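Report on the following structure.
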Amino acid sequence: MSTLERATHICLIAVSVLALGLLLEGRFGTRRPSGGRAAATQLVGKHLAVAGLDWKSSAVNVVFFISTHCHFCEESMPFYRQLTEIPGRRPQNLAISAISRDAPELVKDTLSGQHVNLDGVYRAPVIDELSSTPIVLIVDANGIVRRVFEGRLDSSREKDVLKIVAAGIAGKLRT
């Protein structure tokens with residue numbers, strides 16, 4: 001075996017050992033950043049402060065955290081429209097709002113273009129847990145986040161949100 005072959009084998013072994021060590025340490029693979037998916041669930045049980053949003057005006061608040069540049073948000077618009085068109089919904093028992101880091105006027109234009117009529121659109125505070133979109137938050141009258149639904153919702157999770165909304169309309173939601 002030549003010196004070059006020997007050096008190549010030693011380098012390959014060293015790189016393999018290093019890669020294995022990093023893999024075991026967790027530096028390779030799919031890691032979520034601290035503010036990424038599943039981070040929003042850390043908001044459950046915490047107060048959500050949004051300037052201008054009066055939580056006490058409604059027993060149950062559904063809040064969409066959206067972006068005008070998010071294709072999953074756009075794909076979720078039919079479900080959001082369905083929520084806002086539920087018969088019997090009144091703002092005092094169920095308020096539906098949107099928060100976004102985008103300009104409220106831009107968000108309002110996007111939502112009205114999709115025929116999603118909300119009770120309010122607000123500028124989102126910078127909260128590490130709110131980094132991905134879309135997110136649906138269920139917030140009580142004290143501003144405490146009770147449930148979090150992240151990403152584009154499948155039919156099962158849409159049904160979960162609809163059950164919460166129905167309970168809110170009936171005044172039977174225990175948060």
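Labels for the structure tokens follow display order: chains A, B, ..., residues from 1 in each chain, ligands from 1.
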
DSSP strand (DSSP E or B) selection over chain A, as a ChimeraX atom specification: /A:47,60-65,94-100,120-123,135-140,144-150

Listing only residues of region 113-145 of chain A within 10 Å of region 159-162 of chain A, what is the closest atom pair and its distance in Å (to one decimal) for each, using only C-alpha atoms, sorted by chain and residue number ascending, as a tab-separated table?
residue	atom	partner	partner_atom	distance
A:Val136	CA	A:Val161	CA	8.6
A:Leu137	CA	A:Val161	CA	9.5
A:Ile138	CA	A:Val161	CA	8.5

Taking N, CA and C atoms for each residue, export the selection above as a tab-separated table (two decimals), in the first residue's frame.
chain	number	residue	atom	x	y	z
A	136	VAL	N	-53.14	28.76	14.50
A	136	VAL	CA	-54.44	29.13	15.05
A	136	VAL	C	-54.33	29.00	16.56
A	137	LEU	N	-54.62	30.10	17.25
A	137	LEU	CA	-54.57	30.13	18.71
A	137	LEU	C	-55.99	30.24	19.25
A	138	ILE	N	-56.28	29.50	20.30
A	138	ILE	CA	-57.53	29.65	21.04
A	138	ILE	C	-57.16	30.34	22.34

Among chain A, which ones does DSSP assign to helix (DSSP H, G or I) (computed from the backbone)? Answer as a PyMOL selection string. chain A and resi 3-25+40-43+55-57+71-84+104-113+155-170

Per-residue nearest contacts of region 49-73 of chain A to region 90-108 of chain A (7 Å; only C-alpha atoms) as JSON lines:
{"residue": "A:Ser57", "atom": "CA", "partner": "A:Gln92", "partner_atom": "CA", "distance": 5.8}
{"residue": "A:Ser58", "atom": "CA", "partner": "A:Gln92", "partner_atom": "CA", "distance": 4.3}
{"residue": "A:Ala59", "atom": "CA", "partner": "A:Asn93", "partner_atom": "CA", "distance": 5.1}
{"residue": "A:Val60", "atom": "CA", "partner": "A:Leu94", "partner_atom": "CA", "distance": 4.9}
{"residue": "A:Asn61", "atom": "CA", "partner": "A:Ala95", "partner_atom": "CA", "distance": 4.8}
{"residue": "A:Val62", "atom": "CA", "partner": "A:Ile96", "partner_atom": "CA", "distance": 4.7}
{"residue": "A:Val63", "atom": "CA", "partner": "A:Ser97", "partner_atom": "CA", "distance": 4.8}
{"residue": "A:Phe64", "atom": "CA", "partner": "A:Ala98", "partner_atom": "CA", "distance": 4.5}
{"residue": "A:Phe65", "atom": "CA", "partner": "A:Ile99", "partner_atom": "CA", "distance": 5.0}
{"residue": "A:Ile66", "atom": "CA", "partner": "A:Ser100", "partner_atom": "CA", "distance": 5.4}
{"residue": "A:Ser67", "atom": "CA", "partner": "A:Ser100", "partner_atom": "CA", "distance": 5.9}
{"residue": "A:Thr68", "atom": "CA", "partner": "A:Val107", "partner_atom": "CA", "distance": 6.3}

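All residues of protein, DNA or RNA that reach within 7 Å of Ile144 (chain A), judged by only C-alpha atoms and not counting those fewer than 6 positions away in the chain, are Gly45, Lys46, His47 and Leu48 of chain A.
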